[in-house]
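Novice: Got work_6.cif for you, mmCIF, C-alpha atoms:
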```cif
data_data
#
loop_
_atom_site.group_PDB
_atom_site.id
_atom_site.type_symbol
_atom_site.label_atom_id
_atom_site.label_comp_id
_atom_site.auth_asym_id
_atom_site.auth_seq_id
_atom_site.Cartn_x
_atom_site.Cartn_y
_atom_site.Cartn_z
ATOM 1 C CA MET S 1 -11.207 -12.731 -6.725
ATOM 2 C CA SER S 2 -10.128 -14.459 -9.882
ATOM 3 C CA THR S 3 -11.533 -17.876 -9.150
ATOM 4 C CA VAL S 4 -14.394 -17.018 -6.872
ATOM 5 C CA SER S 5 -16.915 -14.373 -7.642
ATOM 6 C CA SER S 6 -19.321 -13.366 -4.944
ATOM 7 C CA ASP S 7 -22.131 -14.686 -7.122
ATOM 8 C CA SER S 8 -20.846 -18.219 -6.972
ATOM 9 C CA LEU S 9 -21.470 -18.610 -3.266
ATOM 10 C CA PRO S 10 -25.022 -19.661 -2.529
ATOM 11 C CA GLY S 11 -27.128 -16.974 -0.932
ATOM 12 C CA ALA S 12 -24.569 -14.254 -1.567
ATOM 13 C CA GLY S 13 -26.210 -10.957 -0.736
ATOM 14 C CA LEU S 14 -25.842 -7.638 -2.457
ATOM 15 C CA GLU S 15 -22.552 -5.834 -2.004
ATOM 16 C CA GLN S 16 -22.506 -2.645 -0.035
ATOM 17 C CA PRO S 17 -22.974 0.352 -2.307
ATOM 18 C CA ALA S 18 -19.816 2.242 -3.219
ATOM 19 C CA ALA S 19 -19.181 5.259 -1.059
ATOM 20 C CA ARG S 20 -19.161 8.654 -2.717
ATOM 21 C CA VAL S 21 -16.011 10.594 -3.384
ATOM 22 C CA ARG S 22 -15.553 12.900 -0.418
ATOM 23 C CA ARG S 23 -16.070 16.554 -1.311
ATOM 24 C CA ALA S 24 -13.581 19.267 -0.484
ATOM 25 C CA SER S 25 -13.620 20.366 3.139
ATOM 26 C CA ALA S 26 -13.952 23.944 4.300
ATOM 27 C CA GLU S 27 -10.200 23.935 4.968
ATOM 28 C CA ASP S 28 -9.529 22.879 1.380
ATOM 29 C CA ARG S 29 -11.730 25.637 0.034
ATOM 30 C CA ALA S 30 -10.090 28.241 2.225
ATOM 31 C CA LEU S 31 -6.685 27.058 1.086
ATOM 32 C CA VAL S 32 -7.683 27.328 -2.574
ATOM 33 C CA GLU S 33 -8.954 30.867 -1.980
ATOM 34 C CA ARG S 34 -5.620 31.805 -0.474
ATOM 35 C CA LEU S 35 -3.750 30.231 -3.367
ATOM 36 C CA LEU S 36 -5.831 32.125 -5.891
ATOM 37 C CA ALA S 37 -5.033 35.290 -3.967
ATOM 38 C CA GLY S 38 -1.317 34.578 -4.433
ATOM 39 C CA ASP S 39 -0.588 33.565 -0.840
ATOM 40 C CA GLU S 40 2.848 31.921 -0.999
ATOM 41 C CA ALA S 41 2.628 30.485 2.502
ATOM 42 C CA ALA S 42 -0.505 28.635 1.427
ATOM 43 C CA PHE S 43 1.333 27.131 -1.522
ATOM 44 C CA ALA S 44 4.262 26.142 0.698
ATOM 45 C CA GLN S 45 1.754 24.374 2.922
ATOM 46 C CA VAL S 46 0.317 22.430 -0.001
ATOM 47 C CA VAL S 47 3.745 21.517 -1.331
ATOM 48 C CA ASP S 48 4.936 20.325 2.067
ATOM 49 C CA ALA S 49 1.782 18.311 2.525
ATOM 50 C CA HIS S 50 1.875 16.519 -0.814
ATOM 51 C CA GLN S 51 5.219 16.686 -2.607
ATOM 52 C CA GLY S 52 6.600 13.499 -1.041
ATOM 53 C CA ALA S 53 3.451 11.518 -1.712
ATOM 54 C CA LEU S 54 3.239 12.847 -5.276
ATOM 55 C CA LEU S 55 6.799 11.815 -5.959
ATOM 56 C CA ARG S 56 6.155 8.374 -4.546
ATOM 57 C CA MET S 57 2.996 8.066 -6.568
ATOM 58 C CA ALA S 58 4.728 9.234 -9.740
ATOM 59 C CA MET S 59 7.446 6.643 -9.187
ATOM 60 C CA ALA S 60 4.765 4.009 -8.762
ATOM 61 C CA PHE S 61 3.427 5.037 -12.171
ATOM 62 C CA VAL S 62 6.587 5.517 -14.185
ATOM 63 C CA GLY S 63 9.125 3.453 -12.235
ATOM 64 C CA ASN S 64 11.945 5.933 -12.696
ATOM 65 C CA ARG S 65 12.884 8.787 -10.345
ATOM 66 C CA ALA S 66 14.042 11.282 -12.960
ATOM 67 C CA VAL S 67 10.898 10.887 -15.041
ATOM 68 C CA ALA S 68 8.806 10.880 -11.865
ATOM 69 C CA GLU S 69 10.270 14.248 -10.878
ATOM 70 C CA GLU S 70 9.317 15.667 -14.248
ATOM 71 C CA VAL S 71 5.803 14.305 -13.941
ATOM 72 C CA VAL S 72 5.477 15.932 -10.514
ATOM 73 C CA GLN S 73 6.718 19.279 -11.865
ATOM 74 C CA GLU S 74 4.116 19.058 -14.624
ATOM 75 C CA THR S 75 1.529 18.207 -12.007
ATOM 76 C CA TRP S 76 2.181 21.385 -10.042
ATOM 77 C CA ILE S 77 1.890 23.420 -13.219
ATOM 78 C CA GLY S 78 -1.391 21.683 -13.882
ATOM 79 C CA VAL S 79 -2.526 22.409 -10.333
ATOM 80 C CA LEU S 80 -1.808 26.127 -10.634
ATOM 81 C CA ASN S 81 -3.394 26.388 -14.059
ATOM 82 C CA GLY S 82 -6.454 24.465 -12.955
ATOM 83 C CA LEU S 83 -7.002 26.157 -9.596
ATOM 84 C CA SER S 84 -9.548 28.663 -10.776
ATOM 85 C CA ALA S 85 -11.652 25.779 -12.070
ATOM 86 C CA PHE S 86 -11.517 23.811 -8.790
ATOM 87 C CA ARG S 87 -15.117 23.148 -7.789
ATOM 88 C CA GLY S 88 -14.549 21.183 -4.615
ATOM 89 C CA GLN S 89 -16.292 18.055 -5.841
ATOM 90 C CA ALA S 90 -13.356 16.084 -4.526
ATOM 91 C CA ALA S 91 -10.902 16.856 -1.762
ATOM 92 C CA LEU S 92 -7.929 18.980 -2.804
ATOM 93 C CA LYS S 93 -5.534 16.049 -2.282
ATOM 94 C CA THR S 94 -7.658 13.779 -4.487
ATOM 95 C CA TRP S 95 -7.852 16.488 -7.143
ATOM 96 C CA ILE S 96 -4.095 16.985 -7.124
ATOM 97 C CA PHE S 97 -3.493 13.246 -7.314
ATOM 98 C CA ARG S 98 -5.866 13.041 -10.221
ATOM 99 C CA ILE S 99 -3.874 15.638 -12.123
ATOM 100 C CA LEU S 100 -0.793 13.578 -11.414
ATOM 101 C CA ALA S 101 -2.441 10.401 -12.623
ATOM 102 C CA ASN S 102 -3.468 12.119 -15.866
ATOM 103 C CA ARG S 103 0.037 13.437 -16.439
ATOM 104 C CA ALA S 104 1.549 10.046 -15.667
ATOM 105 C CA ARG S 105 -0.892 8.317 -17.976
ATOM 106 C CA SER S 106 -0.108 10.676 -20.894
ATOM 107 C CA ARG S 107 3.536 10.018 -20.287
ATOM 108 C CA TRP S 108 2.832 6.314 -20.318
ATOM 109 C CA GLU S 109 0.917 6.566 -23.582
ATOM 110 C CA ARG S 110 3.492 8.863 -25.146
ATOM 111 C CA GLU S 111 6.047 6.173 -24.568
ATOM 112 C CA ALA S 112 3.879 4.055 -26.839
ATOM 113 C CA ARG S 113 2.946 1.384 -24.379
ATOM 114 C CA THR S 114 0.414 -0.904 -25.913
ATOM 115 C CA VAL S 115 -0.796 -2.486 -22.704
ATOM 116 C CA PRO S 116 -3.428 -0.357 -20.985
ATOM 117 C CA PHE S 117 -2.245 0.901 -17.640
ATOM 118 C CA SER S 118 -4.819 -0.877 -15.546
ATOM 119 C CA ALA S 119 -5.079 -4.017 -17.634
ATOM 120 C CA LEU S 120 -6.225 -7.099 -15.869
ATOM 121 C CA ASP S 121 -4.456 -10.146 -17.131
ATOM 122 C CA THR S 122 -5.993 -13.567 -17.076
ATOM 123 C CA ASP S 123 -6.731 -15.245 -13.779
ATOM 124 C CA GLU S 124 -4.224 -14.662 -11.067
ATOM 125 C CA PRO S 125 -4.916 -16.666 -7.912
ATOM 126 C CA ALA S 126 -4.040 -15.040 -4.586
ATOM 127 C CA VAL S 127 -2.115 -18.115 -3.510
ATOM 128 C CA ASP S 128 -0.368 -20.797 -5.533
ATOM 129 C CA PRO S 129 -3.113 -23.419 -6.125
ATOM 130 C CA GLU S 130 -0.641 -26.193 -5.318
ATOM 131 C CA ARG S 131 -0.827 -25.167 -1.689
ATOM 132 C CA PHE S 132 -4.372 -26.494 -1.497
ATOM 133 C CA GLY S 133 -5.731 -30.005 -1.797
ATOM 134 C CA ALA S 134 -8.479 -31.075 -4.143
ATOM 135 C CA ASP S 135 -10.944 -30.190 -1.374
ATOM 136 C CA GLY S 136 -9.703 -26.592 -1.354
ATOM 137 C CA MET S 137 -8.100 -26.845 2.101
ATOM 138 C CA TRP S 138 -4.516 -25.908 2.894
ATOM 139 C CA THR S 139 -1.880 -28.587 2.340
ATOM 140 C CA ALA S 140 1.046 -26.147 2.580
ATOM 141 C CA PRO S 141 -0.352 -23.644 5.067
ATOM 142 C CA PRO S 142 1.094 -20.226 5.858
ATOM 143 C CA ALA S 143 3.372 -19.899 8.859
ATOM 144 C CA ARG S 144 2.340 -17.891 11.867
ATOM 145 C CA TRP S 145 4.178 -14.599 12.072
ATOM 146 C CA ASP S 146 3.557 -14.376 15.800
ATOM 147 C CA ALA S 147 6.915 -12.957 16.718
ATOM 148 C CA ASP S 148 6.493 -10.263 14.115
ATOM 149 C CA THR S 149 4.321 -7.226 14.381
ATOM 150 C CA PRO S 150 3.862 -4.682 11.625
ATOM 151 C CA GLU S 151 6.189 -2.421 13.604
ATOM 152 C CA ARG S 152 8.911 -5.081 13.737
ATOM 153 C CA ILE S 153 8.527 -5.798 10.065
ATOM 154 C CA ALA S 154 8.812 -2.099 9.338
ATOM 155 C CA GLU S 155 11.869 -1.766 11.536
ATOM 156 C CA ARG S 156 13.832 -4.416 9.744
ATOM 157 C CA ARG S 157 15.583 -2.877 6.785
ATOM 158 C CA GLU S 158 15.449 -6.196 4.952
ATOM 159 C CA SER S 159 11.690 -6.344 5.175
ATOM 160 C CA MET S 160 11.146 -2.774 4.073
ATOM 161 C CA GLU S 161 13.515 -3.291 1.145
ATOM 162 C CA CYS S 162 11.613 -6.431 0.253
ATOM 163 C CA LEU S 163 8.353 -4.532 0.438
ATOM 164 C CA ALA S 164 9.694 -1.751 -1.781
ATOM 165 C CA LYS S 165 11.088 -4.225 -4.255
ATOM 166 C CA ALA S 166 7.855 -6.211 -4.340
ATOM 167 C CA LEU S 167 5.838 -3.036 -4.868
ATOM 168 C CA GLU S 168 8.120 -1.939 -7.688
ATOM 169 C CA SER S 169 7.777 -5.290 -9.439
ATOM 170 C CA LEU S 170 4.008 -5.214 -9.515
ATOM 171 C CA PRO S 171 2.284 -4.669 -12.835
ATOM 172 C CA PRO S 172 1.546 -0.923 -13.089
ATOM 173 C CA GLY S 173 -2.176 -1.036 -12.357
ATOM 174 C CA GLN S 174 -1.660 -3.126 -9.230
ATOM 175 C CA ARG S 175 1.250 -0.933 -8.179
ATOM 176 C CA ALA S 176 -0.789 2.249 -8.541
ATOM 177 C CA VAL S 177 -3.762 0.926 -6.576
ATOM 178 C CA VAL S 178 -1.709 -0.596 -3.747
ATOM 179 C CA THR S 179 0.354 2.598 -3.473
ATOM 180 C CA LEU S 180 -2.713 4.805 -3.321
ATOM 181 C CA ARG S 181 -4.625 2.564 -0.939
ATOM 182 C CA ASP S 182 -2.056 1.120 1.417
ATOM 183 C CA VAL S 183 0.869 3.525 1.210
ATOM 184 C CA GLU S 184 -1.025 6.794 0.766
ATOM 185 C CA GLY S 185 -4.239 5.785 2.511
ATOM 186 C CA LEU S 186 -6.717 7.034 -0.061
ATOM 187 C CA ASP S 187 -10.285 5.746 0.065
ATOM 188 C CA SER S 188 -11.538 3.426 -2.631
ATOM 189 C CA PRO S 189 -13.853 5.942 -4.344
ATOM 190 C CA ASP S 190 -11.041 8.509 -4.418
ATOM 191 C CA ILE S 191 -8.737 5.931 -5.998
ATOM 192 C CA CYS S 192 -11.292 5.195 -8.711
ATOM 193 C CA ASN S 193 -11.576 8.930 -9.259
ATOM 194 C CA VAL S 194 -7.809 9.438 -9.424
ATOM 195 C CA LEU S 195 -7.087 6.529 -11.742
ATOM 196 C CA GLY S 196 -10.286 6.657 -13.781
ATOM 197 C CA ILE S 197 -11.055 2.998 -13.159
ATOM 198 C CA SER S 198 -14.143 1.163 -12.008
ATOM 199 C CA GLU S 199 -14.767 -0.024 -8.482
ATOM 200 C CA THR S 200 -14.552 -3.645 -9.633
ATOM 201 C CA ASN S 201 -11.279 -3.067 -11.435
ATOM 202 C CA GLN S 202 -9.860 -1.323 -8.388
ATOM 203 C CA ARG S 203 -10.833 -4.186 -6.063
ATOM 204 C CA VAL S 204 -9.265 -6.831 -8.281
ATOM 205 C CA LEU S 205 -6.056 -4.820 -8.718
ATOM 206 C CA LEU S 206 -5.821 -4.250 -4.964
ATOM 207 C CA HIS S 207 -6.429 -7.918 -4.249
ATOM 208 C CA ARG S 208 -3.819 -9.132 -6.690
ATOM 209 C CA GLY S 209 -1.246 -6.518 -5.716
ATOM 210 C CA ARG S 210 -1.552 -7.232 -2.018
ATOM 211 C CA SER S 211 -1.426 -10.984 -2.647
ATOM 212 C CA ARG S 212 1.828 -10.692 -4.566
ATOM 213 C CA ILE S 213 3.400 -8.530 -1.891
ATOM 214 C CA ARG S 214 2.348 -10.884 0.889
ATOM 215 C CA LYS S 215 3.918 -13.709 -1.082
ATOM 216 C CA ALA S 216 7.215 -11.836 -1.348
ATOM 217 C CA LEU S 217 7.234 -11.067 2.372
ATOM 218 C CA GLU S 218 6.393 -14.662 3.156
ATOM 219 C CA ARG S 219 9.386 -15.871 1.130
ATOM 220 C CA LEU S 220 11.590 -13.542 3.128
ATOM 221 C CA ILE S 221 10.178 -14.192 6.574
ATOM 222 C CA SER S 222 9.267 -17.844 6.569
ATOM 223 C CA GLY S 223 10.800 -19.069 3.338
ATOM 224 C CA ASP S 224 14.383 -19.225 2.256
ATOM 225 C CA GLY S 225 15.121 -15.680 3.393
ATOM 226 C CA GLU S 226 15.223 -14.364 -0.148
ATOM 227 C CA CYS S 227 12.730 -11.677 -1.009
ATOM 228 C CA MET P 7 -19.124 -23.919 3.504
ATOM 229 C CA LEU P 8 -16.117 -21.937 2.432
ATOM 230 C CA THR P 9 -12.933 -23.688 1.453
ATOM 231 C CA CYS P 10 -9.567 -22.247 2.468
ATOM 232 C CA ARG P 11 -8.869 -21.437 -1.136
ATOM 233 C CA GLN P 12 -12.118 -19.510 -1.461
ATOM 234 C CA LEU P 13 -11.309 -17.611 1.701
ATOM 235 C CA THR P 14 -7.958 -16.440 0.347
ATOM 236 C CA GLU P 15 -9.819 -14.898 -2.570
ATOM 237 C CA LEU P 16 -12.227 -13.074 -0.233
ATOM 238 C CA VAL P 17 -9.623 -11.653 2.121
ATOM 239 C CA THR P 18 -9.298 -8.293 0.390
ATOM 240 C CA ASP P 19 -13.042 -7.724 0.256
ATOM 241 C CA HIS P 20 -13.184 -8.673 3.927
ATOM 242 C CA LEU P 21 -10.488 -6.194 4.909
ATOM 243 C CA GLU P 22 -12.150 -3.514 2.801
ATOM 244 C CA GLY P 23 -15.512 -4.159 4.436
ATOM 245 C CA ARG P 24 -17.108 -5.183 1.174
ATOM 246 C CA LEU P 25 -18.388 -8.654 1.920
ATOM 247 C CA SER P 26 -22.114 -9.162 2.057
ATOM 248 C CA LEU P 27 -23.610 -10.150 5.383
ATOM 249 C CA ALA P 28 -23.959 -13.768 4.256
ATOM 250 C CA GLN P 29 -20.342 -13.896 3.072
ATOM 251 C CA THR P 30 -19.167 -12.277 6.285
ATOM 252 C CA VAL P 31 -20.895 -14.907 8.380
ATOM 253 C CA ARG P 32 -19.380 -17.722 6.314
ATOM 254 C CA PHE P 33 -15.989 -16.033 6.417
ATOM 255 C CA HIS P 34 -15.951 -15.744 10.194
ATOM 256 C CA MET P 35 -17.265 -19.256 10.683
ATOM 257 C CA HIS P 36 -14.476 -20.702 8.590
ATOM 258 C CA LEU P 37 -11.912 -18.543 10.314
ATOM 259 C CA GLY P 38 -13.099 -19.730 13.701
ATOM 260 C CA MET P 39 -12.425 -23.307 12.708
ATOM 261 C CA CYS P 40 -9.253 -22.907 10.668
ATOM 262 C CA ARG P 41 -5.983 -21.767 12.206
ATOM 263 C CA HIS P 42 -4.260 -21.840 8.815
ATOM 264 C CA CYS P 43 -6.621 -19.251 7.437
ATOM 265 C CA ARG P 44 -6.236 -17.227 10.619
ATOM 266 C CA ALA P 45 -2.496 -17.246 9.973
ATOM 267 C CA TYR P 46 -3.092 -16.208 6.375
ATOM 268 C CA LEU P 47 -5.368 -13.334 7.349
ATOM 269 C CA ARG P 48 -2.825 -12.190 9.891
ATOM 270 C CA GLN P 49 -0.069 -12.236 7.281
ATOM 271 C CA MET P 50 -2.231 -10.186 4.947
ATOM 272 C CA LYS P 51 -3.090 -7.641 7.654
ATOM 273 C CA MET P 52 0.554 -7.288 8.570
ATOM 274 C CA THR P 53 1.524 -6.823 4.952
ATOM 275 C CA VAL P 54 -0.990 -4.024 4.554
ATOM 276 C CA ARG P 55 0.081 -2.326 7.780
ATOM 277 C CA ALA P 56 3.757 -2.584 6.874
ATOM 278 C CA LEU P 57 2.999 -0.925 3.528
ATOM 279 C CA GLY P 58 1.468 1.931 5.472
ATOM 280 C CA ARG P 59 4.769 2.455 7.227
ATOM 281 C CA ALA P 60 6.733 3.089 4.053
ATOM 282 C CA PRO P 61 9.186 5.915 4.701
ATOM 283 C CA GLU P 62 8.467 9.388 3.385
ATOM 284 C CA VAL P 63 10.080 10.226 0.089
ATOM 285 C CA SER P 64 12.414 13.130 0.564
ATOM 286 C CA PHE P 65 13.182 15.850 -1.882
ATOM 287 C CA PRO P 66 15.914 18.479 -1.813
ATOM 288 C CA PRO P 67 15.230 22.037 -0.584
ATOM 289 C CA GLU P 68 16.146 23.382 -4.042
ATOM 290 C CA VAL P 69 13.069 21.662 -5.425
ATOM 291 C CA ARG P 70 10.867 23.309 -2.823
ATOM 292 C CA GLU P 71 12.457 26.679 -3.575
ATOM 293 C CA SER P 72 11.971 26.352 -7.307
ATOM 294 C CA LEU P 73 8.323 25.399 -6.775
ATOM 295 C CA LEU P 74 7.750 28.466 -4.622
ATOM 296 C CA LYS P 75 9.403 30.621 -7.246
ATOM 297 C CA ARG P 76 7.160 29.122 -9.897
ATOM 298 C CA PHE P 77 4.194 30.004 -7.714
ATOM 299 C CA ARG P 78 5.363 33.588 -7.332
ATOM 300 C CA ASP P 79 5.685 33.889 -11.113
ATOM 301 C CA TRP P 80 2.241 32.405 -11.594
ATOM 302 C CA ALA P 81 0.640 34.640 -8.986
ATOM 303 C CA GLU P 82 1.611 37.777 -10.861
#
```
Show the structure stored in the file as structure tokens.
Specialist:
Amino acid sequence: MSTVSSDSLPGAGLEQPAARVRRASAEDRALVERLLAGDEAAFAQVVDAHQGALLRMAMAFVGNRAVAEEVVQETWIGVLNGLSAFRGQAALKTWIFRILANRARSRWEREARTVPFSALDTDEPAVDPERFGADGMWTAPPARWDADTPERIAERRESMECLAKALESLPPGQRAVVTLRDVEGLDSPDICNVLGISETNQRVLLHRGRSRIRKALERLISGDGEC
Amino acid sequence: MLTCRQLTELVTDHLEGRLSLAQTVRFHMHLGMCRHCRAYLRQMKMTVRALGRAPEVSFPPEVRESLLKRFRDWAE
């Protein structure tokens, strides 16, 4: 995405329009009603559904488990306090994640970081340019991972550790987007909603984050065995 | 005609279904003729799928209990 924009290819058509953020389902609304009525079982259901993902997301933001736990606690407080104002314009999960993202971002800013969370640095090619010739074709092509399936990769502790390590080392914006998209499975419009970033920004962050992680896995699997 | 390098920059948009029709046609044509890019796309797909298999983050039962207590206090 950094060196090729869709406009530079002759005859490039219009992109597909961005999908809308999915509204809250009937189940979500019913759940919120129950919560507002003080139904503890409903809250247990919500906690069980999202606590793990929230913690993982918070760690993706702040990089530190203890701080992440605090951010998640604050998120639940925010959820309870904001429940009466829930309008269902986004799914409950998206709404909760958004509260988390806001809490995490305030934390980030409070710690006086000067770099904006979702900053895009200068060009970052998906693959080391030295692996291509002057004609743009591979000179150091990727190996085939035929013997590996996603399941096998996931089974091997080494690979999963490499994946976790690679994810942790991403710049925060890339880490947040890859976590939300590929680990948590949120849709693109929901991610933009949660993080307060543009569609374009989200696509570039996803592209760069995934590219870095693939590179790390490649080093492990077909390189020198070091993540 | 797409170069391999160009393709590697379009892979994410391809997987996300965001390429235009014209780009999609070019993408598939190149892929059909280039086993290296097929290998690259496969690596990228496997990376994404492996990320989706990240283990659940666990949390201790005390945390769950304290959250439920907080809810009870709030509900009053």
Novice: Starting from the shown file, work through the PyMOL selection byres ((chain S and resi 27-44) around 10) and note down what comes out as a ChimeraX atom specification.
Specialist: /S:23-26,45-49,80,83-84,86-88,90-93 /P:70-71,73-75,77-82
Novice: List the residues matched by the PyMOL selection byres ((chain P) within 8 of (chain S)) in the displayed structure as a PyMOL selection string, ordered by chain and then by residue number.
Specialist: chain P and resi 9-12+14-16+18-19+24-29+42-43+45-46+48-50+52-60+62-65+70+74+77-78+80-82
Novice: Which neighbours of Ile99 of chain S fall inside 7 Å, counting only C-alpha atoms, when residues of the same chain fewer than 3 positions from it are skipped, and could you give them as a PyMOL selection string?
Specialist: chain S and resi 75+78+95-96+102-103
Novice: Considering all atoms listed in the file, state which residue in the set P:Val31, P:Leu13, P:Glu22, P:Ser72 is at the smallest distance from Gln202 of chain S.
Specialist: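 So, comparing all the options, the nearest one is P:Glu22.
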Novice: Atom CA of Arg65 of chain S and atom CA of Arg219 of chain S are how many Å apart?
Specialist: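 Here the two named atoms are 27.4 Å from each other.
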Novice: Rounded to one decimal in Å, what is the spacing between atom CA of Thr200 of chain S and atom CA of Phe61 of chain S?
Specialist: 20.1 Å
Novice: Do you have the atom CA of Cys192 of chain S-atom CA of Leu180 of chain S distance handy?
Specialist: 10.1 Å
Novice: Using the chain letters and numbering of this document, enumerate as a ChimeraX atom specification the residues selected by the PyMOL selection byres ((chain P and resi 7) around 8).
Specialist: /P:8-9,32,36
Novice: Closest to Ala119 of chain S among S:Ser169, S:Asn64, S:Asn193, S:Ser198, using all atoms listed in the file?
Specialist: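 Distance minimum relative to Ala119 of chain S lands on S:Ser198.
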